[in-house]
Amino acid sequence: MPSDQQRILARAAGEITAGQIVNLGIGLPTRLFHYLPPDLEVLVHSENGVLGCQLIDDGAEADLEMIDSGGAYIGTRPGASVFDSALSFAMIRRRRVDITFMGAFEVDRQGNLANWKIPGKFSPGIGGAMELAQKVERLVVLCSHNDKHGNPKILEHCRLPLTAPRCVSLIITEKAAMRVTHSGLEVVDIAEGLSVDELRAATEAELIIDESRLERF
Amino acid sequence: MPSDQQRILARAAGEITAGQIVNLGIGLPTRLFHYLPPDLEVLVHSENGVLGCQLIDDGAEADLEMIDSGGAYIGTRPGASVFDSALSFAMIRRRRVDITFMGAFEVDRQGNLANWKIPGKFSPGIGGAMELAQKVERLVVLCSHNDKHGNPKILEHCRLPLTAPRCVSLIITEKAAMRVTHSGLEVVDIAEGLSVDELRAATEAELIIDESRLERF
Amino acid sequence: MTRLNDKYMDIDAAIARIEDGASIMVGGFGSPGTPFALLDALLEQGQSQLTLIKNDANETDIGIGKLIRAGRVDRLITSHIGLNRVAIEEMNAGRLTVEIHPQGLLAEKIRCAGAGHFGFLTDIGLGTEIGEGRREIDCDGKTWAVEPAIHADFALVHADLADRYGNLVYRGTAINFNPLMAMAAERVIAQAFAVKAPGGLVPEQIHTPCAFVSQIVQVDPATSEQGRRAHAV
Amino acid sequence: MTRLNDKYMDIDAAIARIEDGASIMVGGFGSPGTPFALLDALLEQGQSQLTLIKNDANETDIGIGKLIRAGRVDRLITSHIGLNRVAIEEMNAGRLTVEIHPQGLLAEKIRCAGAGHFGFLTDIGLGTEIGEGRREIDCDGKTWAVEPAIHADFALVHADLADRYGNLVYRGTAINFNPLMAMAAERVIAQAFAVKAPGGLVPEQIHTPCAFVSQIVQVDPATSEQGRRAHAV
């Protein structure tokens, strides 16, 4: 039985296809590294200035000048390049990143995303999240379906300050994968063993569900 | 007896000191290369993207990917760098070029410079002259004192479209070296054998001359 | 974007993607950095009514000079065309629209498109004829001109080395506008004297990361042309 | 500018040029690229009331974290300080003014100063809280925010290799903000693990040409500090 995180990551990995340029946000998305087959021709972009990040082998000595944006030591794969922060964000704003994965505090029916600030509690700064969210071709949010108190994170309307408006394409939680469409959130996959009613109960946003087409994951 | 050009160039070379970054404009200024002692630590900037240009040896094969902004094949000296056009002009706009030499169609008492367009006759484009003129720390104009019809080029007010307003520091012709000051053009050097009256007669701009301090060149 | 593994191709297939009426950035300052082989393929294929964006017009019978002479260029956005007599004649005859920008502003307007901005605010050219007609705004007690980014459908760029993903390394004064244009255009076709397997280039030495490049073709150094005006000082 | 042949000097002499109240750009994203030796010399010399501009606040006890902890920093312009608990506490206590910019805008505002412009026009952050309070103008039927350049009196940058004229070569993800800051500040003090004679670097591999660098000092790689948060994925 996979953990919630494993379920999210395994589902998310299926969104990545050969030949793509991929950005993995800090936290859970970074763990997608472990789900990329080594022979899959994908270049992982990290906004601190590298295209072509790769895990370093266990026990290998880290190069102190090679980290990803989360501060983890990394290596590079063939075809990698390193560059300054202006070029790194030019690449983002010019939509040269095919797909980005990010965490979320809140995400809503219109694809609005809030993941950087909880007023009065948490405001360490936005880092590179705003440009990544606003300008990526395809933004996939990976998060727990509910917060640690059980409150829904998939909302009708975000209440926290936005990272970027109307930016999310797909939301993957341990309970469901939901596409952001013009009509609202359309559930494409639902977790093994979960009923549609249970999913709706755990979600504030109205969900569009066609049970005949639902996939299990 | 030096030619007019040799007189101008020899006088101009004295403006360059060790450790400087120098830009040599197209035409006569480029010939200053021949007046720089090989052991003088000076880096010549060319706006097509090189800092540290050097003459190539007679008979040496040219590198087809190494030219200066005038299209001449060049080499580089130790400490040279090459870069893109945006960085090259950033260097200019940030006033990292200590001294630039340029030709002129007209230059006037306020240090206005016109050297790119003669309406109806000559307008091939301004190239990099505008930024170089507007932003260099010290702009030295090298030109003949009069045009080929004998008309003055050192004017009260430029009549041609300006390259940049109030940009010139020093004007060197075969007849005189003139500093641009708040009070007007102050003659610092006058050519051997030329009288002050002859100089004034060949010049439209009013000249400030203190005969007791005039140097000959 | 083109997938990483689909970029390396034949020169004719790459150029065939360009349509009549396209706007095309072309690298090069004089001869160095001009993608001569790509331009010759474009001449051969016959696309017309082009808008070209290039620092200069090359010379009359090389590079974009051939396209201008053949009447294939409607509009040229440039900083200087003094070495191309035919371009000046075509401009004076009204057959070629020439838009002149100071060279540093031209570079920066292209860089601005590559950075994904609308434009930038500059003091270059204020108070001159060539700087007239721009929108001006006051900020911090001074006047600044708005310089909008220049965009294009395509960029044709020349590199010294590349890899099959489209990473590019330039050499000498052939760098010039190439890395700027490679970031700015919607689709970027690059030629290189050598195209290596991924891993064949040093990450720190790559000037243009492959993310910006759509197609990469290998060309023979012998296809490079020497500007006739290039000379010893 | 400093003359080419007067740039190579002792670290204390270089840092002694910085005065109380100076604004200082500091390279680095996390630990890589942070000029640890220059920052330690600044800590030692005692300059205070500083404004620092750096992507992040390092961690509590390394890099600019030491300066913040010692109360030497009045103001920090940054994109993220999440790895420095002390900086967050100082901010919440009102002893440290923190100005947050999205990382790409911060990079671009610094780059803009280095390019010699007043500012640029962007759509990043429109419609968000962090994007409020900016001047907005309409161009081509859309709204754009004016982002002014960020200037500074000094930049402290870290390079891997240098020459005595101040040409700089960076390595790996230690590049980050360093080349941008090296162009942007009035005076630029660079540290490098090796400083060669002029001619010891390859012209195409130089990231920052020496024209931008005021002082260059050689530092021991052992002075580099490892971010405690750096970890395997």
# chains A, B, ... in the order shown; residues from 1 in each chain; ligands from 1
>>> interface_residues(of="chain C", to="chain D", cutoff="12 Å", atoms="only C-alpha atoms", output="tab-separated table (two decimals) with all heavy atoms, in the first residue's frame")
chain	number	residue	atom	x	y	z
C	104	GLY	N	22.93	50.04	-29.61
C	104	GLY	CA	22.74	49.53	-28.26
C	104	GLY	C	21.27	49.38	-27.91
C	104	GLY	O	20.88	48.47	-27.19
C	105	LEU	N	20.44	50.31	-28.45
C	105	LEU	CA	19.00	50.18	-28.20
C	105	LEU	C	18.44	49.01	-28.98
C	105	LEU	O	17.57	48.28	-28.49
C	105	LEU	CB	18.27	51.47	-28.58
C	105	LEU	CG	18.52	52.68	-27.68
C	105	LEU	CD1	17.64	53.85	-28.10
C	105	LEU	CD2	18.28	52.35	-26.21
C	107	ALA	N	20.00	46.25	-29.74
C	107	ALA	CA	20.40	45.06	-28.98
C	107	ALA	C	19.49	44.88	-27.76
C	107	ALA	O	19.01	43.78	-27.48
C	107	ALA	CB	21.86	45.17	-28.54
C	108	GLU	N	19.23	45.98	-27.08
C	108	GLU	CA	18.48	45.90	-25.83
C	108	GLU	C	16.99	45.62	-26.09
C	108	GLU	O	16.32	44.94	-25.30
C	108	GLU	CB	18.69	47.21	-25.08
C	108	GLU	CG	18.49	47.15	-23.61
C	108	GLU	CD	19.38	46.17	-22.87
C	108	GLU	OE1	20.50	45.85	-23.35
C	108	GLU	OE2	18.95	45.71	-21.81
C	109	LYS	N	16.46	46.12	-27.20
C	109	LYS	CA	15.05	45.87	-27.54
C	109	LYS	C	14.86	44.38	-27.86
C	109	LYS	O	13.82	43.79	-27.55
C	109	LYS	CB	14.63	46.73	-28.75
C	109	LYS	CG	14.43	48.20	-28.38
C	109	LYS	CD	14.46	49.12	-29.61
C	109	LYS	CE	13.16	49.14	-30.36
C	109	LYS	NZ	12.10	49.92	-29.70
C	111	ARG	N	16.94	41.98	-26.65
C	111	ARG	CA	17.15	41.32	-25.36
C	111	ARG	C	15.89	41.39	-24.50
C	111	ARG	O	15.56	40.46	-23.77
C	111	ARG	CB	18.34	41.99	-24.65
C	111	ARG	CG	18.85	41.26	-23.42
C	111	ARG	CD	18.17	41.72	-22.17
C	111	ARG	NE	18.45	40.82	-21.04
C	111	ARG	CZ	17.73	40.83	-19.92
C	111	ARG	NH1	16.75	41.67	-19.76
C	111	ARG	NH2	17.99	39.98	-18.98
C	112	CYS	N	15.18	42.51	-24.60
C	112	CYS	CA	13.97	42.72	-23.80
C	112	CYS	C	12.88	41.71	-24.19
C	112	CYS	O	12.18	41.18	-23.32
C	112	CYS	CB	13.50	44.16	-24.03
C	112	CYS	SG	12.24	44.70	-22.89
C	113	ALA	N	12.75	41.44	-25.48
C	113	ALA	CA	11.81	40.40	-25.92
C	113	ALA	C	12.25	39.05	-25.36
C	113	ALA	O	11.42	38.26	-24.89
C	113	ALA	CB	11.74	40.36	-27.44
C	115	ALA	N	13.77	38.51	-22.68
C	115	ALA	CA	13.56	38.46	-21.22
C	115	ALA	C	12.08	38.43	-20.87
C	115	ALA	O	11.73	38.32	-19.70
C	115	ALA	CB	14.24	39.66	-20.56
C	116	GLY	N	11.22	38.56	-21.88
C	116	GLY	CA	9.78	38.47	-21.63
C	116	GLY	C	9.16	39.71	-21.04
C	116	GLY	O	8.14	39.63	-20.36
C	117	HIS	N	9.75	40.88	-21.30
C	117	HIS	CA	9.16	42.14	-20.85
C	117	HIS	C	8.49	42.85	-22.01
C	117	HIS	O	8.76	42.58	-23.18
C	117	HIS	CB	10.23	43.08	-20.30
C	117	HIS	CG	11.05	42.48	-19.22
C	117	HIS	ND1	10.50	41.87	-18.12
C	117	HIS	CD2	12.39	42.40	-19.05
C	117	HIS	CE1	11.47	41.44	-17.33
C	117	HIS	NE2	12.61	41.75	-17.88
C	118	PHE	N	7.67	43.86	-21.68
C	118	PHE	CA	7.09	44.69	-22.74
C	118	PHE	C	8.11	45.66	-23.31
C	118	PHE	O	8.16	45.91	-24.51
C	118	PHE	CB	5.89	45.49	-22.24
C	118	PHE	CG	5.39	46.45	-23.28
C	118	PHE	CD1	4.62	45.99	-24.34
C	118	PHE	CD2	5.76	47.79	-23.25
C	118	PHE	CE1	4.20	46.87	-25.33
C	118	PHE	CE2	5.34	48.67	-24.25
C	118	PHE	CZ	4.56	48.21	-25.28
C	119	GLY	N	8.91	46.26	-22.44
C	119	GLY	CA	9.86	47.26	-22.90
C	119	GLY	C	10.69	47.77	-21.75
C	119	GLY	O	10.62	47.24	-20.64
C	120	PHE	N	11.50	48.80	-22.03
C	120	PHE	CA	12.33	49.37	-20.98
C	120	PHE	C	12.35	50.88	-21.11
C	120	PHE	O	11.86	51.45	-22.09
C	120	PHE	CB	13.75	48.78	-21.02
C	120	PHE	CG	14.50	49.03	-22.31
C	120	PHE	CD1	15.38	50.09	-22.43
C	120	PHE	CD2	14.32	48.19	-23.40
C	120	PHE	CE1	16.07	50.31	-23.61
C	120	PHE	CE2	15.02	48.40	-24.60
C	120	PHE	CZ	15.89	49.46	-24.69
C	121	LEU	N	12.88	51.53	-20.08
C	121	LEU	CA	12.88	52.99	-19.98
C	121	LEU	C	14.31	53.49	-20.02
C	121	LEU	O	15.13	53.10	-19.18
C	121	LEU	CB	12.20	53.41	-18.67
C	121	LEU	CG	10.74	52.95	-18.53
C	121	LEU	CD1	10.24	53.17	-17.11
C	121	LEU	CD2	9.85	53.67	-19.53
C	122	THR	N	14.60	54.36	-20.99
C	122	THR	CA	15.98	54.76	-21.22
C	122	THR	C	16.10	56.26	-21.41
C	122	THR	O	15.12	56.94	-21.75
C	122	THR	CB	16.53	54.05	-22.48
C	122	THR	OG1	17.91	54.36	-22.63
C	122	THR	CG2	15.80	54.48	-23.75
C	123	ASP	N	17.31	56.78	-21.19
C	123	ASP	CA	17.58	58.19	-21.52
C	123	ASP	C	18.39	58.31	-22.80
C	123	ASP	O	18.74	59.42	-23.21
C	123	ASP	CB	18.31	58.89	-20.36
C	123	ASP	CG	19.67	58.28	-20.06
C	123	ASP	OD1	20.01	57.23	-20.64
C	123	ASP	OD2	20.40	58.84	-19.23
C	124	ILE	N	18.68	57.18	-23.43
C	124	ILE	CA	19.48	57.24	-24.67
C	124	ILE	C	18.66	57.92	-25.78
C	124	ILE	O	17.52	57.55	-26.04
C	124	ILE	CB	19.90	55.82	-25.12
C	124	ILE	CG1	20.86	55.20	-24.11
C	124	ILE	CG2	20.53	55.84	-26.52
C	124	ILE	CD1	22.23	55.85	-24.04
C	135	ARG	N	7.24	57.49	-26.94
C	135	ARG	CA	6.49	57.88	-25.75
C	135	ARG	C	7.47	58.15	-24.62
C	135	ARG	O	8.43	57.41	-24.43
C	135	ARG	CB	5.56	56.72	-25.36
C	135	ARG	CG	4.79	57.01	-24.09
C	135	ARG	CD	3.69	56.02	-23.92
C	135	ARG	NE	3.03	56.16	-22.64
C	135	ARG	CZ	2.11	55.32	-22.21
C	135	ARG	NH1	1.76	54.29	-22.95
C	135	ARG	NH2	1.54	55.53	-21.04
C	136	GLU	N	7.23	59.23	-23.89
C	136	GLU	CA	8.12	59.56	-22.78
C	136	GLU	C	7.31	59.62	-21.49
C	136	GLU	O	6.16	60.04	-21.50
C	136	GLU	CB	8.82	60.90	-23.04
C	136	GLU	CG	9.75	60.82	-24.25
C	136	GLU	CD	10.44	62.13	-24.60
C	136	GLU	OE1	10.21	63.13	-23.90
C	136	GLU	OE2	11.21	62.13	-25.58
C	137	ILE	N	7.90	59.17	-20.40
C	137	ILE	CA	7.23	59.28	-19.10
C	137	ILE	C	8.22	59.84	-18.09
C	137	ILE	O	9.44	59.70	-18.24
C	137	ILE	CB	6.62	57.95	-18.60
C	137	ILE	CG1	7.71	56.94	-18.24
C	137	ILE	CG2	5.67	57.36	-19.62
C	137	ILE	CD1	7.14	55.68	-17.58
C	138	ASP	N	7.68	60.50	-17.07
C	138	ASP	CA	8.52	61.07	-16.02
C	138	ASP	C	8.56	60.12	-14.83
C	138	ASP	O	7.52	59.65	-14.37
C	138	ASP	CB	7.97	62.43	-15.56
C	138	ASP	CG	8.22	63.50	-16.62
C	138	ASP	OD1	9.12	63.30	-17.46
C	138	ASP	OD2	7.50	64.52	-16.61
C	139	CYS	N	9.73	59.83	-14.36
C	139	CYS	CA	9.90	59.01	-13.15
C	139	CYS	C	11.04	59.62	-12.36
C	139	CYS	O	12.07	59.98	-12.94
C	139	CYS	CB	10.31	57.57	-13.49
C	139	CYS	SG	9.12	56.65	-14.44
C	140	ASP	N	10.88	59.72	-11.05
C	140	ASP	CA	11.94	60.25	-10.18
C	140	ASP	C	12.47	61.58	-10.67
C	140	ASP	O	13.69	61.83	-10.63
C	140	ASP	CB	13.10	59.24	-10.08
C	140	ASP	CG	12.77	58.08	-9.17
C	140	ASP	OD1	11.59	58.00	-8.73
C	140	ASP	OD2	13.66	57.25	-8.90
C	141	GLY	N	11.57	62.42	-11.21
C	141	GLY	CA	11.97	63.77	-11.59
C	141	GLY	C	12.73	63.87	-12.89
C	141	GLY	O	13.24	64.94	-13.22
C	142	LYS	N	12.83	62.76	-13.63
C	142	LYS	CA	13.49	62.82	-14.93
C	142	LYS	C	12.59	62.24	-16.01
C	142	LYS	O	11.63	61.53	-15.71
C	142	LYS	CB	14.81	62.03	-14.90
C	142	LYS	CG	15.91	62.71	-14.12
C	142	LYS	CD	17.23	61.99	-14.33
C	142	LYS	CE	18.29	62.51	-13.38
C	142	LYS	NZ	19.43	61.59	-13.29
C	143	THR	N	12.92	62.54	-17.26
C	143	THR	CA	12.16	62.03	-18.38
C	143	THR	C	12.85	60.80	-18.97
C	143	THR	O	14.08	60.79	-19.11
C	143	THR	CB	12.04	63.12	-19.46
C	143	THR	OG1	11.37	64.24	-18.88
C	143	THR	CG2	11.27	62.62	-20.67
C	144	TRP	N	12.05	59.79	-19.27
C	144	TRP	CA	12.59	58.56	-19.85
C	144	TRP	C	11.75	58.18	-21.06
C	144	TRP	O	10.53	58.36	-21.06
C	144	TRP	CB	12.56	57.42	-18.82
C	144	TRP	CG	13.21	57.80	-17.54
C	144	TRP	CD1	12.59	58.35	-16.45
C	144	TRP	CD2	14.60	57.72	-17.21
C	144	TRP	NE1	13.51	58.61	-15.45
C	144	TRP	CE2	14.75	58.23	-15.90
C	144	TRP	CE3	15.72	57.25	-17.88
C	144	TRP	CZ2	15.98	58.30	-15.26
C	144	TRP	CZ3	16.95	57.31	-17.25
C	144	TRP	CH2	17.08	57.82	-15.95
C	145	ALA	N	12.40	57.63	-22.07
C	145	ALA	CA	11.69	57.16	-23.26
C	145	ALA	C	11.34	55.68	-23.10
C	145	ALA	O	12.16	54.90	-22.60
C	145	ALA	CB	12.54	57.36	-24.50
C	146	VAL	N	10.11	55.33	-23.52
C	146	VAL	CA	9.70	53.92	-23.52
C	146	VAL	C	10.22	53.27	-24.80
C	146	VAL	O	9.93	53.73	-25.90
C	146	VAL	CB	8.16	53.80	-23.49
C	146	VAL	CG1	7.74	52.34	-23.61
C	146	VAL	CG2	7.59	54.43	-22.22
C	147	GLU	N	11.00	52.24	-24.65
C	147	GLU	CA	11.49	51.47	-25.81
C	147	GLU	C	10.85	50.09	-25.77
C	147	GLU	O	11.23	49.25	-24.96
C	147	GLU	CB	13.02	51.34	-25.77
C	147	GLU	CG	13.79	52.56	-26.20
C	147	GLU	CD	13.76	52.80	-27.71
C	147	GLU	OE1	13.22	51.96	-28.46
C	147	GLU	OE2	14.28	53.85	-28.12
C	148	PRO	N	9.86	49.83	-26.62
C	148	PRO	CA	9.23	48.51	-26.61
C	148	PRO	C	10.17	47.43	-27.14
C	148	PRO	O	11.05	47.71	-27.95
C	148	PRO	CB	8.04	48.67	-27.56
C	148	PRO	CG	7.91	50.14	-27.81
C	148	PRO	CD	9.26	50.72	-27.62
C	149	ALA	N	9.98	46.22	-26.66
C	149	ALA	CA	10.73	45.06	-27.15
C	149	ALA	C	10.46	44.84	-28.63
C	149	ALA	O	9.40	45.21	-29.13
C	149	ALA	CB	10.32	43.82	-26.35
C	160	ASP	N	29.37	28.45	-33.01
C	160	ASP	CA	30.58	27.70	-33.36
C	160	ASP	C	30.34	26.22	-33.06
C	160	ASP	O	30.53	25.37	-33.93
C	160	ASP	CB	31.75	28.25	-32.52
C	160	ASP	CG	33.08	27.76	-33.01
C	160	ASP	OD1	33.34	27.91	-34.22
C	160	ASP	OD2	33.87	27.23	-32.21
C	169	VAL	N	27.35	27.36	-28.29
C	169	VAL	CA	28.57	28.06	-27.85
C	169	VAL	C	29.04	28.90	-29.03
C	169	VAL	O	29.19	28.39	-30.15
C	169	VAL	CB	29.67	27.05	-27.46
C	169	VAL	CG1	30.97	27.77	-27.11
C	169	VAL	CG2	29.22	26.16	-26.31
C	170	TYR	N	29.25	30.19	-28.80
C	170	TYR	CA	29.70	31.09	-29.85
C	170	TYR	C	31.20	31.35	-29.69
C	170	TYR	O	31.78	31.05	-28.65
C	170	TYR	CB	28.93	32.41	-29.78
C	170	TYR	CG	27.44	32.24	-29.71
C	170	TYR	CD1	26.76	32.30	-28.49
C	170	TYR	CD2	26.68	32.00	-30.86
C	170	TYR	CE1	25.39	32.16	-28.42
C	170	TYR	CE2	25.31	31.85	-30.79
C	170	TYR	CZ	24.66	31.92	-29.56
C	170	TYR	OH	23.31	31.77	-29.49
C	171	ARG	N	31.79	31.96	-30.71
C	171	ARG	CA	33.24	32.22	-30.64
C	171	ARG	C	33.55	33.64	-31.14
C	171	ARG	O	32.93	34.11	-32.10
C	171	ARG	CB	34.01	31.20	-31.48
C	171	ARG	CG	35.52	31.22	-31.22
C	171	ARG	CD	36.24	30.08	-31.93
C	171	ARG	NE	36.33	30.30	-33.35
C	171	ARG	CZ	37.17	31.18	-33.92
C	171	ARG	NH1	37.99	31.89	-33.19
C	171	ARG	NH2	37.17	31.33	-35.23
C	172	GLY	N	34.49	34.27	-30.45
C	172	GLY	CA	35.04	35.54	-30.91
C	172	GLY	C	33.96	36.61	-31.07
C	172	GLY	O	32.98	36.65	-30.31
C	173	THR	N	34.12	37.48	-32.05
C	173	THR	CA	33.14	38.54	-32.26
C	173	THR	C	31.95	38.03	-33.07
C	173	THR	O	31.10	38.82	-33.49
C	173	THR	CB	33.77	39.76	-32.94
C	173	THR	OG1	34.29	39.37	-34.21
C	173	THR	CG2	34.86	40.36	-32.08
C	174	ALA	N	31.88	36.72	-33.28
C	174	ALA	CA	30.68	36.12	-33.88
C	174	ALA	C	29.57	35.95	-32.85
C	174	ALA	O	28.48	35.51	-33.17
C	174	ALA	CB	31.02	34.78	-34.53
C	175	ILE	N	29.82	36.33	-31.62
C	175	ILE	CA	28.76	36.26	-30.60
C	175	ILE	C	27.71	37.32	-30.92
C	175	ILE	O	26.54	37.01	-31.18
C	175	ILE	CB	29.32	36.52	-29.16
C	175	ILE	CG1	30.48	35.57	-28.84
C	175	ILE	CG2	28.20	36.39	-28.13
C	175	ILE	CD1	31.12	35.85	-27.46
C	176	ASN	N	28.10	38.55	-30.84
C	176	ASN	CA	27.29	39.77	-31.08
C	176	ASN	C	25.80	39.63	-30.77
C	176	ASN	O	25.42	39.50	-29.61
C	176	ASN	CB	27.59	40.36	-32.47
C	176	ASN	CG	27.36	39.42	-33.63
C	176	ASN	OD1	26.25	39.03	-33.91
C	176	ASN	ND2	28.44	39.08	-34.32
C	202	VAL	N	30.77	21.98	-22.22
C	202	VAL	CA	30.94	22.26	-20.79
C	202	VAL	C	29.78	23.17	-20.34
C	202	VAL	O	29.56	24.22	-20.94
C	202	VAL	CB	32.29	22.97	-20.55
C	202	VAL	CG1	32.46	23.30	-19.06
C	202	VAL	CG2	33.44	22.10	-21.05
C	203	PRO	N	29.02	22.77	-19.30
C	203	PRO	CA	27.84	23.54	-18.89
C	203	PRO	C	28.09	25.04	-18.71
C	203	PRO	O	27.27	25.86	-19.13
C	203	PRO	CB	27.44	22.88	-17.55
C	203	PRO	CG	27.87	21.46	-17.71
C	203	PRO	CD	29.15	21.52	-18.50
C	204	GLU	N	29.22	25.43	-18.11
C	204	GLU	CA	29.52	26.86	-17.88
C	204	GLU	C	29.82	27.60	-19.17
C	204	GLU	O	29.80	28.83	-19.20
C	204	GLU	CB	30.75	27.02	-16.97
C	204	GLU	CG	30.49	26.84	-15.51
C	204	GLU	CD	30.47	25.38	-15.10
C	204	GLU	OE1	30.65	24.50	-15.97
C	204	GLU	OE2	30.29	25.11	-13.90
C	205	GLN	N	30.20	26.88	-20.23
C	205	GLN	CA	30.62	27.56	-21.47
C	205	GLN	C	29.49	27.71	-22.46
C	205	GLN	O	29.67	28.28	-23.54
C	205	GLN	CB	31.80	26.80	-22.09
C	205	GLN	CG	33.03	26.85	-21.19
C	205	GLN	CD	34.17	26.00	-21.70
C	205	GLN	OE1	34.17	25.55	-22.84
C	205	GLN	NE2	35.15	25.77	-20.85
C	206	ILE	N	28.32	27.19	-22.12
C	206	ILE	CA	27.17	27.30	-23.02
C	206	ILE	C	26.61	28.72	-22.91
C	206	ILE	O	26.27	29.18	-21.83
C	206	ILE	CB	26.10	26.24	-22.66
C	206	ILE	CG1	26.64	24.85	-23.01
C	206	ILE	CG2	24.78	26.52	-23.36
C	206	ILE	CD1	25.81	23.69	-22.49
C	207	HIS	N	26.56	29.43	-24.04
C	207	HIS	CA	26.03	30.79	-24.04
C	207	HIS	C	24.50	30.78	-24.13
C	207	HIS	O	23.83	31.59	-23.49
C	207	HIS	CB	26.59	31.59	-25.21
C	207	HIS	CG	28.07	31.84	-25.14
C	207	HIS	ND1	28.98	31.13	-25.89
C	207	HIS	CD2	28.79	32.72	-24.41
C	207	HIS	CE1	30.20	31.59	-25.63
C	207	HIS	NE2	30.12	32.53	-24.73
>>> calpha_fit_rmsd(fixed="chain B", moving="chain A")
0.0 Å
>>> select_by_dssp(residues="segment 5-228 of chain D", states="strand (DSSP E)", output="ChimeraX atom specification")
/D:23-26,50-53,73-78,97-100,119-122,136-139,142-148,154-163,168-169,187-196,215-218
>>> interface_residues(of="chain A", to="chain C", cutoff="6 Å", atoms="only C-alpha atoms", output="JSON, numbers by chain")
{"A": [19, 20, 78, 79, 80, 81, 82, 90, 93, 94, 96]}
>>> write_last_selection(atoms="all heavy atoms", output="short mmCIF file (atom, residue, chain, number, x, y, z; two decimals), in the first residue's frame")
data_model
loop_
_atom_site.label_atom_id
_atom_site.label_comp_id
_atom_site.auth_asym_id
_atom_site.auth_seq_id
_atom_site.Cartn_x
_atom_site.Cartn_y
_atom_site.Cartn_z
N GLY A 19 11.70 14.37 -23.64
CA GLY A 19 12.03 15.58 -24.41
C GLY A 19 11.59 16.86 -23.76
O GLY A 19 11.80 17.94 -24.31
N GLN A 20 10.98 16.76 -22.56
CA GLN A 20 10.47 17.97 -21.92
C GLN A 20 11.50 18.67 -21.03
O GLN A 20 12.47 18.07 -20.59
CB GLN A 20 9.25 17.62 -21.04
CG GLN A 20 7.98 17.44 -21.83
CD GLN A 20 6.77 17.29 -20.92
OE1 GLN A 20 6.87 16.69 -19.85
NE2 GLN A 20 5.64 17.84 -21.34
N PRO A 78 24.02 14.74 -19.10
CA PRO A 78 24.54 15.23 -20.39
C PRO A 78 23.55 16.19 -21.04
O PRO A 78 22.34 15.92 -21.07
CB PRO A 78 24.70 13.95 -21.20
CG PRO A 78 24.88 12.86 -20.19
CD PRO A 78 24.01 13.27 -19.03
N GLY A 79 24.07 17.31 -21.56
CA GLY A 79 23.20 18.32 -22.17
C GLY A 79 22.85 19.43 -21.21
O GLY A 79 22.09 20.34 -21.56
N ALA A 80 23.40 19.37 -19.98
CA ALA A 80 23.09 20.39 -18.97
C ALA A 80 23.81 21.70 -19.26
O ALA A 80 24.85 21.72 -19.91
CB ALA A 80 23.49 19.88 -17.59
N SER A 81 23.23 22.78 -18.77
CA SER A 81 23.88 24.08 -18.82
C SER A 81 23.64 24.79 -17.49
O SER A 81 22.68 24.49 -16.78
CB SER A 81 23.32 24.94 -19.97
OG SER A 81 21.91 24.97 -19.94
N VAL A 82 24.53 25.73 -17.16
CA VAL A 82 24.36 26.58 -15.97
C VAL A 82 24.40 28.02 -16.43
O VAL A 82 25.01 28.33 -17.45
CB VAL A 82 25.43 26.30 -14.89
CG1 VAL A 82 25.23 24.95 -14.27
CG2 VAL A 82 26.83 26.45 -15.46
N ALA A 90 14.38 34.54 -17.56
CA ALA A 90 13.99 34.80 -18.95
C ALA A 90 13.43 33.51 -19.55
O ALA A 90 12.40 33.50 -20.22
CB ALA A 90 15.19 35.29 -19.76
N ARG A 93 9.92 33.22 -18.12
CA ARG A 93 8.95 34.17 -18.67
C ARG A 93 8.70 33.94 -20.15
O ARG A 93 7.62 34.25 -20.65
CB ARG A 93 9.43 35.61 -18.42
CG ARG A 93 9.27 36.05 -16.96
CD ARG A 93 9.55 37.54 -16.81
NE ARG A 93 10.88 37.84 -17.29
CZ ARG A 93 11.97 37.92 -16.51
NH1 ARG A 93 11.87 37.76 -15.21
NH2 ARG A 93 13.14 38.18 -17.04
N ARG A 94 9.69 33.40 -20.87
CA ARG A 94 9.50 33.09 -22.29
C ARG A 94 8.81 31.73 -22.48
O ARG A 94 8.73 31.24 -23.59
CB ARG A 94 10.85 33.10 -23.01
CG ARG A 94 11.49 34.48 -23.07
CD ARG A 94 10.84 35.37 -24.11
NE ARG A 94 11.10 34.89 -25.44
CZ ARG A 94 10.18 34.69 -26.37
NH1 ARG A 94 8.92 34.93 -26.11
NH2 ARG A 94 10.52 34.28 -27.57
N ARG A 96 9.70 28.71 -21.77
CA ARG A 96 10.54 27.63 -22.26
C ARG A 96 10.53 26.43 -21.31
O ARG A 96 11.15 25.41 -21.59
CB ARG A 96 11.97 28.13 -22.47
CG ARG A 96 12.29 28.82 -23.80
CD ARG A 96 11.15 29.16 -24.66
NE ARG A 96 11.52 29.71 -25.95
CZ ARG A 96 10.64 30.20 -26.80
NH1 ARG A 96 9.34 30.21 -26.52
NH2 ARG A 96 11.02 30.68 -27.96
#
